Amino acid sequence: MFDERIDKYVTGKMSEEERLLFERELAGNPGLQEEVSLQRDIVRAIRMKAAKEHLQRVEHGIQARTRRRKIFRIVINVSSFAAAACLAIGLFVHVERVSDYKAVGNRIELTAESVRGGEKTSTAILEAIGHNDYEVALELIAQEESREFSSQFTHPDLIEQDRLEYAFEQESLQWYKAVVYMRMGKWIKARRVLKRIAASDSHYKSQAQSELEQL
Amino acid sequence: MRTRNDGYYDCFIVMTDQELIYEIARGNNHAFTVLYHQYRKEFFGYIRKRYKGDEDTIFDLYQDTCVALYDRIRSGKLRMLNPGTKLKSPLFTIGHNKLVDLYRKNKSKTGFIENVDYKKDYDSEYSDECSERFAMVRQAVDSMTEPCNSILTLYYWDDKNMQEIAEVQGYANADSAKSQKSKCMNKLRVYIKKILE
């Protein structure tokens, strides 16, 4: 039967007193010495085997993490490349569009519409556009757009006439705005305004449609 | 809370060489994992300059090297480092010796670089100390089956007490686990004595 004391001695689990007693017994007992030596070898072998298995698990974990990291890096690289390509294409398209819209915007000739009461403003807007003061032009357009309809007449036919003129003036302002955006190269805004005009019953509908087709 | 057994958390710990020796000697297995992580990259670089064989052989070589160093520390052969000496020194010496042993065993010399003198720097102080007797003991231990393999590993490697082993292995109580451990140890000792005769 296996002597538990040998195990306690080999694994260092004996008290100081127990150890001294055991070592005294050990000194004069070659058989016990042989048993202790064998137990020491067994414990050493068990630990070495467990240590090797432990390191195999550790290495397996490292390999798995390395693989995951590699895949993650590939995904990041591909995504970065795709994002960079999209950005480059987007930038190219943007530059092209800016140039196209500017060219078309500059080709369009604007004339002051003869509208009752609005001639002054209309002329000021066209002058600003003519001097390339696009920000000023946009400000004037915004002011005019916010002006609400009012009529000084009382006769229904005259009021209706006024209403039609007001509507035409608003359509003209939309058209000016589209042209200003085109000349500024703000193609997204210009496109939005042109589409709105093309979809409406505006006086400028066919012109807007034609410009959109070109662009 | 540590829930992984692949030493993941240990790769973030940095210990001095003397701390590593001290902790490994007292049975701290995490310190052993730290040692494995700490020199892994450098060791692989060293071996790859001398051996172009398959990766699995290199992993195996490094693991055996670490186990041999672990054995030296736990058996008290390496307690202190001389001033100015690093743990890397015995580790790489053992590793180099193991590479030389591999070179000697490998007849075709596949993977070995021709112009490298493998026998150079062989340090017999760190040679594989497996006496024939110990090799047989290791062989017997390696051939252990369940439940003996688990119970003895938990007791001697993981340093678990009988109550903990009973809980992990599903024994009724600590006495049952202790009885099973004694049975396994007796069986193993009888077997080893028989093959040593």
# chains A, B, ... in the order shown; residues from 1 in each chain; ligands from 1

call {"tool": "residues_around", "arguments": {"residues": "B:Asn28", "least_positions_apart": "2", "cutoff": "12 Å", "atoms": "only C-alpha atoms", "output": "PyMOL selection string"}}
result
(chain A and resi 51) or (chain B and resi 10+19-26+30-35+70+73-74+156-159)

call {"tool": "residues_around", "arguments": {"residues": "stretch 54-56 of chain A", "least_positions_apart": "4", "cutoff": "7 Å", "atoms": "only C-alpha atoms", "output": "VMD selection string"}}
result
(chain A and resid 50 60) or (chain B and resid 63)

call {"tool": "write_last_selection", "arguments": {"atoms": "N, CA and C atoms", "output": "PDB file, in the first residue's frame"}}
result
ATOM      1  N   ALA A  50       1.788  17.462 -17.710  1.00  0.00           N
ATOM      2  CA  ALA A  50       0.746  18.494 -17.588  1.00  0.00           C
ATOM      3  C   ALA A  50       1.240  19.833 -18.144  1.00  0.00           C
ATOM      4  N   HIS A  60      -2.295  26.868 -28.847  1.00  0.00           N
ATOM      5  CA  HIS A  60      -3.527  26.773 -29.639  1.00  0.00           C
ATOM      6  C   HIS A  60      -4.303  28.091 -29.557  1.00  0.00           C
TER       7      HIS A  60
ATOM      8  N   GLN B  63       7.981  24.343 -26.802  1.00  0.00           N
ATOM      9  CA  GLN B  63       7.237  23.815 -25.655  1.00  0.00           C
ATOM     10  C   GLN B  63       8.111  22.859 -24.845  1.00  0.00           C
TER      11      GLN B  63
END

call {"tool": "residues_around", "arguments": {"residues": "A:Gly185", "least_positions_apart": "5", "cutoff": "12 Å", "atoms": "only C-alpha atoms", "output": "PDB file with C-alpha atoms, in the first residue's frame"}}
result
ATOM      1  CA  HIS A  94     -17.957  65.843 -57.904  1.00  0.00           C
ATOM      2  CA  VAL A  95     -15.250  67.746 -59.796  1.00  0.00           C
ATOM      3  CA  GLU A  96     -16.790  66.721 -63.121  1.00  0.00           C
ATOM      4  CA  ARG A  97     -20.255  67.772 -62.029  1.00  0.00           C
ATOM      5  CA  VAL A  98     -19.061  71.116 -60.676  1.00  0.00           C
ATOM      6  CA  SER A  99     -17.359  71.839 -63.968  1.00  0.00           C
ATOM      7  CA  ASP A 100     -20.387  70.737 -66.054  1.00  0.00           C
ATOM      8  CA  TYR A 101     -22.899  72.725 -64.015  1.00  0.00           C
ATOM      9  CA  LYS A 102     -20.720  75.812 -64.088  1.00  0.00           C
ATOM     10  CA  ALA A 103     -20.380  75.558 -67.860  1.00  0.00           C
ATOM     11  CA  VAL A 104     -24.115  75.098 -68.406  1.00  0.00           C
ATOM     12  CA  GLY A 105     -24.981  77.823 -65.856  1.00  0.00           C
ATOM     13  CA  ASN A 106     -22.696  80.324 -67.563  1.00  0.00           C
ATOM     14  CA  TYR A 134     -23.824  85.104 -56.212  1.00  0.00           C
ATOM     15  CA  ALA A 178     -31.118  77.356 -60.150  1.00  0.00           C
ATOM     16  CA  VAL A 179     -28.841  79.328 -62.467  1.00  0.00           C
ATOM     17  CA  VAL A 180     -26.967  80.944 -59.545  1.00  0.00           C
ATOM     18  CA  ALA A 190     -28.912  73.299 -58.513  1.00  0.00           C
ATOM     19  CA  ARG A 191     -30.116  69.844 -59.472  1.00  0.00           C
TER      20      ARG A 191
END

call {"tool": "interface_residues", "arguments": {"of": "chain A", "to": "chain B", "cutoff": "7 Å", "atoms": "only C-alpha atoms", "output": "list in words"}}
result
Met1, Phe2, Asp41, Ile42, Val43, Ala45, Ile46, Arg47, Met48, Ala50, Ala51, Lys52, Leu55, Arg57, Val58 and Gly61 of chain A

call {"tool": "write_last_selection", "arguments": {"atoms": "C-alpha atoms", "output": "compact mmCIF listing (two decimals), in the first residue's frame"}}
result
# COMPACT_ATOMS: atom_id res chain seq x y z
CA MET A 1 0.00 0.00 0.00
CA PHE A 2 1.26 3.49 -0.89
CA ASP A 41 10.22 10.86 -10.46
CA ILE A 42 6.51 10.15 -10.82
CA VAL A 43 5.48 13.61 -9.59
CA ALA A 45 6.85 13.23 -14.84
CA ILE A 46 3.19 14.09 -14.09
CA ARG A 47 4.06 17.78 -13.87
CA MET A 48 6.11 17.72 -17.08
CA ALA A 50 0.75 18.49 -17.59
CA ALA A 51 3.10 21.39 -18.39
CA LYS A 52 3.42 20.23 -22.00
CA LEU A 55 1.55 24.87 -23.30
CA ARG A 57 -3.44 24.74 -25.08
CA VAL A 58 -1.70 28.12 -24.72
CA GLY A 61 -5.05 29.94 -28.13

call {"tool": "atom_distance", "arguments": {"atom1": "atom CA of B:Ile195", "atom2": "atom CA of B:Asp101"}}
result
26.0 Å

call {"tool": "atom_distance", "arguments": {"atom1": "atom CA of A:Ser202", "atom2": "atom CA of A:Met182"}}
result
18.7 Å

call {"tool": "select_by_dssp", "arguments": {"residues": "stretch 151-209 of chain A", "states": "alpha helix (DSSP H)", "output": "ChimeraX atom specification"}}
result
/A:156-184,187-199,205-209

call {"tool": "residues_around", "arguments": {"residues": "B:Gln180", "least_positions_apart": "5", "cutoff": "10 Å", "atoms": "only C-alpha atoms", "output": "PDB file with N, CA and C atoms, in the first residue's frame"}}
result
ATOM      1  N   PRO B 147      -9.758   7.609 -14.958  1.00  0.00           N
ATOM      2  CA  PRO B 147      -9.761   8.958 -14.372  1.00  0.00           C
ATOM      3  C   PRO B 147      -8.409   9.351 -13.755  1.00  0.00           C
ATOM      4  N   CYS B 148      -7.434   8.398 -13.804  1.00  0.00           N
ATOM      5  CA  CYS B 148      -6.157   8.657 -13.120  1.00  0.00           C
ATOM      6  C   CYS B 148      -5.447   9.883 -13.686  1.00  0.00           C
ATOM      7  N   ILE B 151      -7.169  13.084 -12.317  1.00  0.00           N
ATOM      8  CA  ILE B 151      -7.066  13.263 -10.854  1.00  0.00           C
ATOM      9  C   ILE B 151      -5.631  13.588 -10.427  1.00  0.00           C
ATOM     10  N   LEU B 152      -4.650  12.919 -11.054  1.00  0.00           N
ATOM     11  CA  LEU B 152      -3.251  13.177 -10.687  1.00  0.00           C
ATOM     12  C   LEU B 152      -2.772  14.530 -11.223  1.00  0.00           C
ATOM     13  N   ALA B 166     -12.849  16.543  -5.827  1.00  0.00           N
ATOM     14  CA  ALA B 166     -14.147  15.850  -5.733  1.00  0.00           C
ATOM     15  C   ALA B 166     -15.223  16.661  -6.461  1.00  0.00           C
ATOM     16  N   TYR B 171     -16.909  13.434  -7.606  1.00  0.00           N
ATOM     17  CA  TYR B 171     -16.896  12.400  -6.563  1.00  0.00           C
ATOM     18  C   TYR B 171     -17.798  12.831  -5.420  1.00  0.00           C
ATOM     19  N   ALA B 174     -14.498  14.378  -0.476  1.00  0.00           N
ATOM     20  CA  ALA B 174     -13.031  14.440  -0.553  1.00  0.00           C
ATOM     21  C   ALA B 174     -12.410  13.063  -0.314  1.00  0.00           C
ATOM     22  N   ASP B 175     -13.034  12.261   0.575  1.00  0.00           N
ATOM     23  CA  ASP B 175     -12.485  10.927   0.868  1.00  0.00           C
ATOM     24  C   ASP B 175     -12.535  10.020  -0.352  1.00  0.00           C
ATOM     25  N   MET B 185      -2.357   5.991  -7.856  1.00  0.00           N
ATOM     26  CA  MET B 185      -0.933   6.071  -7.548  1.00  0.00           C
ATOM     27  C   MET B 185      -0.355   4.666  -7.333  1.00  0.00           C
ATOM     28  N   ASN B 186      -1.107   3.822  -6.627  1.00  0.00           N
ATOM     29  CA  ASN B 186      -0.643   2.440  -6.401  1.00  0.00           C
ATOM     30  C   ASN B 186      -0.480   1.709  -7.722  1.00  0.00           C
TER      31      ASN B 186
END

call {"tool": "closest_residue", "arguments": {"among": "A:Val78, A:Leu173, A:Ala128, A:Ile108", "to": "A:Ile141", "atoms": "only C-alpha atoms"}}
result
A:Leu173
